[in-house]
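Undergrad: Structure supplied as entry-v8.txt; contents: compact mmCIF, C-alpha atoms.
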# COMPACT_ATOMS: atom_id res chain seq x y z
CA MET A 127 -10.03 7.57 33.67
CA ALA A 128 -9.94 4.21 31.90
CA GLU A 129 -7.14 3.58 29.42
CA HIS A 130 -6.34 0.96 26.80
CA ASP A 131 -3.60 -1.54 27.66
CA PRO A 132 -0.96 -1.78 24.88
CA LEU A 133 0.37 -5.08 26.25
CA ARG A 134 -3.07 -6.65 25.96
CA PHE A 135 -3.49 -5.22 22.46
CA ALA A 136 -0.14 -6.68 21.41
CA ALA A 137 -1.00 -10.07 22.91
CA ASP A 138 -4.34 -10.10 21.08
CA LEU A 139 -2.63 -9.13 17.83
CA SER A 140 -0.05 -11.89 18.23
CA ALA A 141 -2.81 -14.41 18.83
CA LYS A 142 -4.63 -13.30 15.69
CA LEU A 143 -1.45 -13.51 13.62
CA ALA A 144 -0.77 -17.00 14.96
CA THR A 145 -4.16 -18.40 13.90
CA LYS A 146 -3.45 -20.58 10.87
CA SER A 147 -7.09 -20.65 9.74
CA ARG A 148 -7.01 -16.91 9.11
CA HIS A 149 -7.12 -15.22 5.75
CA VAL A 150 -4.61 -12.38 6.28
CA CYS A 151 -4.26 -9.22 4.18
CA THR A 152 -2.28 -6.03 4.46
CA PHE A 153 -3.34 -2.70 2.99
CA LEU A 154 -0.33 -0.39 2.67
CA GLY A 155 -0.16 3.31 1.87
CA ALA A 156 2.51 5.94 1.37
CA GLY A 157 3.41 5.99 5.05
CA VAL A 158 5.17 2.66 4.43
CA ALA A 159 7.31 4.23 1.70
CA ARG A 160 7.95 7.19 4.01
CA ALA A 161 9.23 4.83 6.70
CA CYS A 162 11.80 3.61 4.16
CA GLY A 163 12.94 7.13 3.29
CA LEU A 164 10.86 7.76 0.17
CA PRO A 165 8.54 10.78 -0.14
CA ASP A 166 4.89 10.59 0.84
CA VAL A 167 2.26 11.98 -1.52
CA THR A 168 2.57 15.61 -0.38
CA GLU A 169 6.35 15.62 -0.65
CA LEU A 170 6.18 13.78 -3.96
CA GLU A 171 3.97 16.56 -5.37
CA ASP A 172 6.54 19.16 -4.34
CA ARG A 173 9.44 17.21 -5.82
CA VAL A 174 7.64 16.59 -9.09
CA LEU A 175 6.77 20.26 -9.50
CA LYS A 176 10.38 21.28 -8.93
CA VAL A 177 11.81 19.05 -11.66
CA LEU A 178 9.18 19.71 -14.37
CA ALA A 179 10.01 21.98 -17.27
CA LYS A 180 8.49 25.44 -16.83
CA GLU A 181 5.58 24.98 -19.26
CA HIS A 182 4.67 21.62 -17.75
CA GLN A 183 5.16 22.95 -14.24
CA GLU A 184 2.67 25.77 -14.73
CA ALA A 185 0.10 23.48 -16.34
CA PHE A 186 0.37 20.85 -13.62
CA GLN A 187 0.29 23.43 -10.83
CA LEU A 188 -3.07 24.56 -12.18
CA GLN A 189 -4.37 20.99 -12.14
CA LEU A 190 -3.20 20.55 -8.54
CA SER A 191 -5.32 23.48 -7.36
CA GLY A 192 -7.78 21.92 -4.91
CA ARG A 193 -6.64 18.40 -5.88
CA ASN A 194 -4.00 15.91 -4.84
CA LEU A 195 -1.43 14.32 -7.14
CA GLU A 196 -3.61 11.44 -8.29
CA GLN A 197 -6.68 13.62 -8.80
CA ALA A 198 -4.61 15.99 -10.93
CA LEU A 199 -3.34 13.10 -13.05
CA SER A 200 -6.88 11.84 -13.49
CA ARG A 201 -8.04 15.28 -14.66
CA LEU A 202 -5.21 15.49 -17.19
CA ARG A 203 -6.31 12.15 -18.60
CA ARG A 204 -9.91 13.29 -18.87
CA ILE A 205 -8.76 16.30 -20.85
CA ALA A 206 -6.58 14.17 -23.14
CA ALA A 207 -9.35 11.62 -23.73
CA LEU A 208 -12.33 13.92 -24.24
CA LEU A 209 -11.07 16.90 -26.25
CA GLU A 210 -11.05 17.01 -30.03
CA ASP A 211 -9.38 19.20 -32.64
CA GLU A 212 -8.69 22.70 -31.29
CA GLN A 213 -10.70 22.35 -28.07
CA GLN A 214 -8.97 23.37 -24.84
CA ILE A 215 -9.53 23.19 -21.09
CA ASP A 216 -7.33 25.19 -18.71
CA GLY A 217 -5.30 26.22 -21.75
CA LEU A 218 -4.54 22.61 -22.61
CA GLY A 219 -5.48 20.67 -25.71
CA ALA A 220 -5.56 16.86 -25.81
CA ASP A 221 -1.93 16.57 -26.91
CA ASP A 222 -0.79 19.12 -24.34
CA ALA A 223 -2.51 17.25 -21.51
CA ALA A 224 -0.97 13.96 -22.62
CA ALA A 225 2.48 15.56 -22.70
CA VAL A 226 2.11 16.94 -19.17
CA ASP A 227 0.84 13.55 -17.97
CA ALA A 228 3.89 11.81 -19.44
CA ALA A 229 6.27 14.37 -17.94
CA VAL A 230 4.71 14.02 -14.49
CA CYS A 231 4.85 10.23 -14.61
CA GLU A 232 8.49 10.34 -15.68
CA ALA A 233 9.28 12.64 -12.75
CA ILE A 234 7.46 10.32 -10.32
CA VAL A 235 9.53 7.35 -11.49
CA ARG A 236 12.76 9.28 -10.87
CA GLU A 237 11.69 10.53 -7.44
CA LEU A 238 10.70 7.02 -6.30
CA ASP A 239 14.11 5.52 -7.00
CA ILE A 240 14.85 3.11 -4.12
CA ALA A 241 18.64 2.98 -4.56
CA GLU A 242 19.20 4.88 -1.29
CA ALA A 243 16.09 3.67 0.55
CA ASP A 244 16.19 1.98 3.95
CA LEU A 245 14.80 -1.50 3.28
CA ALA A 246 14.65 -2.61 6.93
CA PRO A 247 10.88 -1.98 7.39
CA VAL A 248 9.87 -3.87 4.25
CA LEU A 249 12.41 -6.61 4.97
CA GLY A 250 10.54 -7.12 8.22
CA LEU A 251 7.30 -7.42 6.28
CA ALA A 252 8.91 -9.84 3.83
CA ALA A 253 10.35 -11.94 6.66
CA TRP A 254 6.87 -12.31 8.15
CA VAL A 255 5.47 -13.33 4.75
CA ALA A 256 8.33 -15.80 4.27
CA ARG A 257 7.46 -17.56 7.51
CA ALA A 258 3.66 -17.29 7.35
CA ASP A 259 1.70 -20.53 7.21
CA TYR A 260 -1.96 -19.69 6.80
CA ARG A 261 -4.70 -21.68 5.09
CA ALA A 262 -4.86 -19.04 2.38
CA PRO A 263 -2.04 -17.03 0.80
CA VAL A 264 -1.07 -13.75 2.41
CA GLU A 265 -2.36 -10.89 0.24
CA LEU A 266 -0.41 -7.62 0.16
CA PHE A 267 -2.46 -4.74 -1.25
CA THR A 268 -0.73 -1.41 -1.78
CA VAL A 269 -1.51 1.92 -3.43
CA ASN A 270 2.21 2.73 -3.67
CA TYR A 271 4.00 2.84 -7.03
CA ASP A 272 7.54 2.11 -5.79
CA LEU A 273 9.41 -1.21 -5.90
CA LEU A 274 10.14 -1.52 -2.18
CA ILE A 275 7.99 -4.56 -1.46
CA GLU A 276 9.10 -6.49 -4.55
CA THR A 277 12.73 -5.81 -3.70
CA ALA A 278 12.32 -7.01 -0.10
CA LEU A 279 10.45 -10.17 -1.15
CA GLU A 280 13.12 -11.03 -3.69
CA LYS A 281 15.98 -10.35 -1.27
CA LEU A 282 14.44 -12.93 1.08
CA ARG A 283 13.64 -15.28 -1.81
CA VAL A 284 9.93 -15.19 -1.08
CA PRO A 285 7.88 -16.49 -4.04
CA TYR A 286 5.08 -14.10 -4.94
CA PHE A 287 2.57 -13.47 -7.72
CA ASP A 288 1.54 -9.97 -8.84
CA GLY A 289 -0.89 -10.74 -11.66
CA PHE A 290 1.74 -10.72 -14.40
CA VAL A 291 3.40 -13.71 -16.03
CA GLY A 292 6.69 -13.40 -17.86
CA ASN A 293 10.16 -12.09 -17.32
CA LEU A 294 11.21 -9.42 -19.79
CA ARG A 295 7.77 -8.00 -20.62
CA ALA A 296 5.31 -9.76 -18.35
CA ARG A 297 1.64 -9.86 -19.35
CA PHE A 298 -1.32 -9.47 -17.01
CA HIS A 299 -3.44 -12.61 -16.59
CA THR A 300 -6.92 -11.83 -15.33
CA GLU A 301 -7.91 -15.46 -14.80
CA LEU A 302 -4.97 -16.05 -12.45
CA VAL A 303 -5.81 -12.95 -10.40
CA GLU A 304 -9.48 -13.87 -10.10
CA GLY A 305 -8.84 -17.44 -8.95
CA THR A 306 -9.26 -18.19 -5.22
CA SER A 307 -8.93 -21.30 -3.11
CA GLU A 308 -12.60 -20.96 -2.11
CA SER A 309 -13.70 -21.05 -5.74
CA GLY A 310 -11.47 -24.02 -6.55
CA ARG A 311 -9.88 -21.97 -9.34
CA ASP A 312 -6.69 -20.85 -7.63
CA PHE A 313 -4.05 -21.87 -10.17
CA VAL A 314 -1.13 -20.24 -8.32
CA PRO A 315 0.43 -22.30 -5.48
CA ARG A 316 -0.71 -21.36 -1.98
CA PHE A 317 2.84 -20.72 -0.77
CA PHE A 318 3.13 -17.85 -3.25
CA ALA A 319 2.30 -14.56 -1.56
CA ARG A 320 0.03 -12.24 -3.55
CA LEU A 321 1.17 -8.68 -4.24
CA TRP A 322 -1.55 -6.45 -5.67
CA LYS A 323 -0.53 -2.90 -6.72
CA LEU A 324 -3.88 -1.14 -6.94
CA HIS A 325 -2.57 2.11 -8.43
CA GLY A 326 0.05 0.72 -10.77
CA SER A 327 3.82 0.74 -10.54
CA VAL A 328 6.92 2.50 -11.77
CA ASN A 329 7.78 -0.67 -13.70
CA TRP A 330 4.41 -0.97 -15.47
CA GLU A 331 4.57 0.34 -19.01
CA TRP A 332 1.90 1.29 -21.54
CA GLU A 333 2.57 -0.85 -24.59
CA LYS A 334 1.35 -0.41 -28.15
CA GLY A 335 -2.34 -1.18 -28.27
CA GLN A 336 -2.58 0.44 -24.81
CA GLN A 337 -2.01 -2.81 -22.96
CA ILE A 338 0.08 -2.79 -19.79
CA VAL A 339 3.20 -4.89 -19.32
CA ARG A 340 5.38 -5.28 -16.24
CA LEU A 341 9.12 -4.81 -16.74
CA GLY A 342 11.96 -6.06 -14.59
CA HIS A 343 13.03 -2.46 -13.92
CA PRO A 344 11.50 1.05 -13.80
CA VAL A 345 10.32 2.28 -17.20
CA ASP A 346 12.91 4.10 -19.28
CA GLU A 347 12.91 7.88 -19.55
CA GLY A 348 10.58 9.18 -22.23
CA LEU A 349 8.08 6.37 -21.74
CA ALA A 350 4.90 6.60 -19.67
CA ALA A 351 4.63 4.47 -16.54
CA ALA A 352 1.20 3.00 -15.85
CA ILE A 353 0.50 4.64 -12.51
CA TYR A 354 -2.85 5.53 -11.03
CA PRO A 355 -6.03 4.33 -12.74
CA SER A 356 -7.97 7.01 -14.54
CA ASP A 357 -11.76 7.06 -14.62
CA THR A 358 -11.84 8.23 -18.22
CA LYS A 359 -13.32 6.16 -21.03
CA TYR A 360 -10.16 4.40 -22.07
CA GLU A 361 -10.18 1.24 -24.10
CA GLU A 362 -10.97 -1.76 -21.93
CA SER A 363 -7.46 -3.17 -22.32
CA ARG A 364 -5.99 0.00 -20.76
CA ARG A 365 -8.20 -0.31 -17.68
CA VAL A 366 -8.02 -4.07 -17.14
CA PRO A 367 -5.30 -4.36 -14.45
CA PHE A 368 -6.81 -1.65 -12.26
CA VAL A 369 -10.40 -2.89 -12.53
CA VAL A 370 -9.44 -6.51 -11.90
CA LEU A 371 -7.19 -5.67 -8.94
CA GLN A 372 -9.82 -3.51 -7.26
CA ASP A 373 -12.29 -6.35 -7.66
CA ARG A 374 -9.71 -8.66 -6.06
CA LEU A 375 -9.49 -6.26 -3.11
CA ARG A 376 -13.26 -6.22 -2.74
CA ARG A 377 -13.47 -10.02 -2.74
CA ALA A 378 -10.52 -10.40 -0.35
CA LEU A 379 -12.04 -7.98 2.14
CA ASN A 380 -15.33 -9.87 2.03
CA THR A 381 -13.77 -13.28 2.64
CA PRO A 382 -15.12 -14.54 5.99
CA GLU A 383 -12.85 -14.28 9.04
CA THR A 384 -10.24 -12.12 7.36
CA LEU A 385 -7.61 -10.17 9.29
CA VAL A 386 -6.70 -6.89 7.56
CA LEU A 387 -3.69 -4.86 8.73
CA ILE A 388 -3.83 -1.27 7.41
CA ALA A 389 -0.63 0.79 7.64
CA GLY A 390 0.58 4.09 6.23
CA TYR A 391 -2.80 4.91 4.68
CA SER A 392 -4.40 8.30 5.37
CA PHE A 393 -7.98 7.40 4.38
CA GLU A 394 -8.24 10.18 1.81
CA ASP A 395 -9.52 7.97 -1.02
CA ASP A 396 -13.31 7.78 -0.70
CA HIS A 397 -13.62 4.82 -3.06
CA LEU A 398 -11.14 2.68 -1.13
CA ASN A 399 -12.56 3.85 2.19
CA GLU A 400 -15.99 2.67 1.13
CA MET A 401 -14.69 -0.82 0.35
CA LEU A 402 -12.86 -1.06 3.68
CA PHE A 403 -15.71 0.30 5.77
CA ASP A 404 -18.45 -1.70 4.03
CA SER A 405 -16.50 -4.93 4.43
CA ALA A 406 -15.91 -4.27 8.12
CA ALA A 407 -19.62 -3.64 8.62
CA LYS A 408 -20.76 -6.71 6.68
CA ARG A 409 -18.16 -9.18 7.94
CA GLU A 410 -18.52 -8.98 11.71
CA ARG A 411 -16.17 -11.93 12.30
CA SER A 412 -13.40 -10.32 10.26
CA GLU A 413 -11.06 -7.84 11.92
CA PHE A 414 -9.60 -4.63 10.52
CA ILE A 415 -6.73 -2.93 12.35
CA ALA A 416 -5.59 0.50 11.15
CA PHE A 417 -2.21 1.81 12.33
CA CYS A 418 -2.14 5.62 12.09
CA PHE A 419 1.15 7.45 12.46
CA SER A 420 -0.41 10.68 13.70
CA GLU A 421 -4.03 11.68 14.35
CA ILE A 422 -7.01 9.51 13.51
CA PRO A 423 -8.81 10.80 10.38
CA ASP A 424 -12.37 11.92 11.17
CA ALA A 425 -13.98 9.53 8.67
CA LEU A 426 -12.11 6.61 10.22
CA ALA A 427 -12.92 7.66 13.79
CA ASP A 428 -16.63 7.96 13.01
CA LYS A 429 -16.77 4.53 11.41
CA ALA A 430 -14.68 2.83 14.12
CA ALA A 431 -16.97 4.22 16.82
CA THR A 432 -19.86 2.16 15.44
CA THR A 433 -17.97 -0.83 14.01
CA PRO A 434 -16.40 -2.88 16.84
CA ASN A 435 -14.30 -5.06 14.53
CA LEU A 436 -12.60 -1.97 13.07
CA GLN A 437 -9.75 -1.06 15.42
CA VAL A 438 -7.65 2.08 15.13
CA VAL A 439 -4.36 2.68 16.92
CA THR A 440 -2.06 5.71 17.09
CA GLY A 441 0.89 6.60 19.26
CA SER A 442 -1.17 8.14 22.05
CA GLU A 443 -4.68 6.67 21.73
CA ALA A 444 -6.78 3.93 20.17
CA ILE A 445 -10.34 3.04 19.28
CA LEU A 446 -10.86 -0.56 20.33
CA GLY A 447 -14.30 -2.14 20.35
CA GLY A 448 -15.78 1.25 19.52
CA ILE A 449 -14.23 2.87 22.62
CA ARG A 450 -11.77 5.72 22.18
CA GLN A 451 -9.22 6.02 24.98
CA ASN A 452 -5.58 6.89 25.58
CA TRP A 453 -2.92 4.23 26.02
CA LYS A 454 -1.76 3.26 29.47
CA PRO A 455 2.07 3.32 29.58
CA PRO A 456 3.18 -0.33 29.88
CA GLN A 457 5.75 -1.87 32.18
CA ASP A 458 8.64 -3.73 30.47
CA PRO A 459 7.15 -3.70 26.96
CA PRO A 460 8.63 -5.96 24.26
CA PRO A 461 10.80 -4.40 21.51
CA ASP A 462 9.04 -2.00 19.11
CA LEU A 463 5.78 -1.91 21.08
CA TRP A 464 6.44 1.25 23.15
CA VAL A 465 8.94 3.83 21.88
CA ASP A 466 9.60 7.23 23.49
CA GLY A 467 6.33 7.22 25.39
CA LYS A 468 4.14 6.22 22.43
CA LEU A 469 2.90 3.06 20.78
CA GLY A 470 5.70 2.15 18.39
CA LEU A 471 3.52 0.08 16.07
CA ARG A 472 2.02 3.25 14.62
CA ASP A 473 5.31 3.62 12.72
CA PHE A 474 5.82 1.01 10.00
CA ARG A 475 9.50 0.76 10.92
CA HIS A 476 8.50 -0.78 14.23
CA LEU A 477 5.46 -2.59 12.86
CA GLY A 478 7.62 -4.28 10.22
CA ALA A 479 10.08 -5.47 12.88
CA TYR A 480 7.18 -6.65 15.06
CA LEU A 481 5.71 -8.64 12.19
CA ALA A 482 9.10 -10.23 11.49
CA ARG A 483 8.91 -11.82 14.94
CA SER A 484 5.25 -12.84 14.54
CA ALA A 485 5.32 -15.93 12.35
CA THR A 486 3.10 -19.00 12.31
CA ARG A 487 6.04 -21.37 11.87
CA GLU A 488 9.72 -21.45 12.71
CA PRO A 489 12.12 -19.71 10.32
CA GLU A 490 13.68 -21.90 7.67
CA ARG A 491 17.34 -22.75 7.96
CA ASP A 492 18.23 -20.21 5.34
CA THR A 493 21.49 -18.35 5.83
CA LEU A 494 20.41 -15.38 3.70
CA LEU A 495 17.09 -15.03 5.54
CA ASN A 496 18.74 -15.09 8.95
CA GLU A 497 21.44 -12.65 7.84
CA LEU A 498 18.95 -10.11 6.51
CA LEU A 499 16.68 -10.47 9.52
CA GLY A 500 19.67 -9.69 11.70
CA ARG A 501 20.04 -6.33 9.97
CA ILE A 502 16.57 -5.20 11.06
CA SER A 503 17.08 -3.07 14.15
CA PRO A 504 14.24 -3.54 16.67
CA GLU A 505 15.13 -0.23 18.29
CA ALA A 506 14.98 2.00 15.21
CA ALA A 507 14.90 5.69 16.06
CA GLU A 508 11.60 7.52 16.10
CA PRO A 509 10.86 9.42 12.85
CA LYS A 510 10.67 13.16 12.71
CA PRO A 511 7.21 14.75 13.16
CA SER A 512 7.00 15.39 9.41
CA GLU A 513 7.08 11.66 8.67
CA ALA A 514 3.34 11.25 8.73
CA ASP A 515 1.04 8.87 6.93
CA GLY A 516 0.62 9.27 3.20
CA ALA A 517 -2.38 8.59 1.04
Rewrite the structure from the file as structure tokens, please.

TA:
Amino acid sequence: MAEHDPLRFAADLSAKLATKSRHVCTFLGAGVARACGLPDVTELEDRVLKVLAKEHQEAFQLQLSGRNLEQALSRLRRIAALLEDEQQIDGLGADDAAAVDAAVCEAIVRELDIAEADLAPVLGLAAWVARADYRAPVELFTVNYDLLIETALEKLRVPYFDGFVGNLRARFHTELVEGTSESGRDFVPRFFARLWKLHGSVNWEWEKGQQIVRLGHPVDEGLAAAIYPSDTKYEESRRVPFVVLQDRLRRALNTPETLVLIAGYSFEDDHLNEMLFDSAAKRERSEFIAFCFSEIPDALADKAATTPNLQVVTGSEAILGGIRQNWKPPQDPPPDLWVDGKLGLRDFRHLGAYLARSATREPERDTLLNELLGRISPEAAEPKPSEADGA
């Protein structure tokens, strides 16, 4: 029975990462946070429920019935936006729904504290970004709310732009996000990496007038963090960052000859799946590589079977060029490629370390960079079975 060769896959990936003419993007989900010791979406739901006050706990549990965390938040916001006077849905009036929403967001901020997180995986990512030398800026898209990536980039002194300008209460600048080198309107230097947080962040705060500002720290207790875009009819100013950033994702994915690395994402968001799959189908010279910690989601497997430039890899098997086969155990694999009889790159801890060694130029003579890179263990232990991809 034919098998895929992990050494050949790794060599091909290295060649793609070394091509300076590439436009390179990453799309990161909760599995990345999980690799650093933070909860994935399922665990985050459990933690949030445990710390909510009883009345909020019961109300939110009802909203979670048949829904995930983000869907439940979206429903709360529909209730808060659409009800008037004494109207109620699920026993909640508009003010009640808003109060539960605020309590849930406050709990999420607390549970995503990175004080005790293992930064090694994201330091690997940041080291790769620090040494990248592509024709276009590296774009890091994430649906995570935590501050792991920002912290890693700043530890390695990597300049980056996230759509906000300012220090204490940074404002979102649509025109700077929309600018691209292809359009001739890219006003941010090319050596700045781009960090796009599609679902908001624990340090985004709703300000008076319902505008969003980015703070230099997680929002204070009692204030609502701007996490997860709602599809309710909010004022345009409240929706601007999310709408603009999703449009940026769509345009980035449709840039010709783009390499997209997808990690820690469980493909449970139909809207984002559609953008990824449509772009892969339309841009045949672009390449999309999805690293799945555990099993391949059915929707992803079906699409990869008919889209040759959409590759999917797990610990035990892969879909490459539309062909689904097991991996052939390699002889003398390089660090992080093959761990305990499985492809190590499925785990972002190993993928981050692999990326740190895959740069398009030599590392700068920076003492801090070299010191932090030295802390990244290439032989990190395999995670427990429960450490699966998040949404």

Undergrad: Box in all listed atoms of range 145-164 of chain A, axis-aligned, with 3 Å more on each side; write out centre and edge lengths in Å to one decimal as AutoDock Vina command-line options.

TA:
--center_x 2.9 --center_y -6.4 --center_z 7.0 --size_x 26.1 --size_y 34.4 --size_z 19.7

Undergrad: Using only C-alpha atoms, can you tell me which of A:Trp322, A:Phe153, A:Trp332, A:Phe414 comes closest to Val303 in chain A?

TA: A:Trp322

Undergrad: Would you list the contacts of Leu477 in chain A as number ranges by chain, taking every protein, DNA or RNA residue within 9 Å and counting only C-alpha atoms, but skipping same-chain residues closer than 3 positions in sequence?

TA: A: 247, 250-251, 389, 417, 462-463, 470-474, 480-482

Undergrad: If I take CA of Glu242 in chain A and CA of Leu279 in chain A, how far is one from the other in Å, to one decimal?

TA: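 These two atoms are separated by 17.4 Å.
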
Undergrad: Here is a test: counting only C-alpha atoms, which residue of A:Val386, A:Val269, A:Val264, A:Val314 is nearest to Ser327 in chain A?

TA: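 Result for the nearest residue to Ser327 in chain A: A:Val269.
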
Undergrad: Would you compute the distance between CA of Arg297 in chain A and CA of Ala198 in chain A? Give it in Å to one decimal.

TA: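 Atom-to-atom, CA of Arg297 in chain A to CA of Ala198 in chain A, that is 27.9 Å.
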
Undergrad: Nearest residue to Glu394 in chain A out of A:Leu273, A:Ala156, A:Ala241, A:Val438, using all atoms listed in the file?

TA: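 Once distances to Glu394 in chain A are computed over all atoms listed in the file, the minimum belongs to A:Ala156.
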
Undergrad: Expressed in Å to a single decimal, how great is the separation between CA of Glu410 in chain A and CA of Thr384 in chain A?

TA: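 Separating CA of Glu410 in chain A from CA of Thr384 in chain A is a distance of 9.9 Å.
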
Undergrad: Considering only C-alpha atoms, return as an MDAnalysis selection string whatever protein or nucleic-acid residues lie within 10 Å of Asp272 in chain A, sequence-local ones (same chain, fewer than 3 positions apart) excluded.

TA: chainID A and resid 156 159 164 234:235 237:240 268:269 275:277 323 326:329 344

Undergrad: Give me the residues within 12 Å of Ala179 in chain A as number ranges by chain, counting only C-alpha atoms and dropping any in the same chain fewer than 2 places off.

TA: A: 174-177, 181-187, 225-226, 229-230, 232-233

Undergrad: For Ala137 in chain A, find every residue with an atom within 12 Å (counting all atoms listed in the file), except residues of its own chain fewer than 3 positions away, and show them as a PyMOL selection string.

TA: chain A and resi 131-134+140-144+459-460+463+480+484

Undergrad: A:Glu280, A:Glu400, A:Asp424, A:Asp395: which is nearest Gln197 in chain A, counting all atoms listed in the file?

TA: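 Among the listed residues, the smallest separation from Gln197 in chain A belongs to A:Asp395.
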
Undergrad: Quick one: of A:Ala407, A:Leu398, A:Glu304, A:Ala253, who's nearest to Arg377 in chain A, counting all atoms listed in the file?

TA: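 Comparing A:Ala407, A:Leu398, A:Glu304, A:Ala253 against Arg377 in chain A, the winner is A:Glu304.
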
Undergrad: For the point (1.4, -23.8, -0.7) in file coordinates, what residues are within 9 Å, counting all atoms listed in the file? Give the answer as a list in words?

TA: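 In the file's frame, the residues around the point are Asp259, Arg261, Ala262, Pro263, Val314, Pro315, Arg316, Phe317 and Phe318 of chain A.
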
Undergrad: List as a count of residues only: which residues have an atom within 12 Å of (-7.3, 16.8, -3.8), counting only C-alpha atoms?

TA: 20
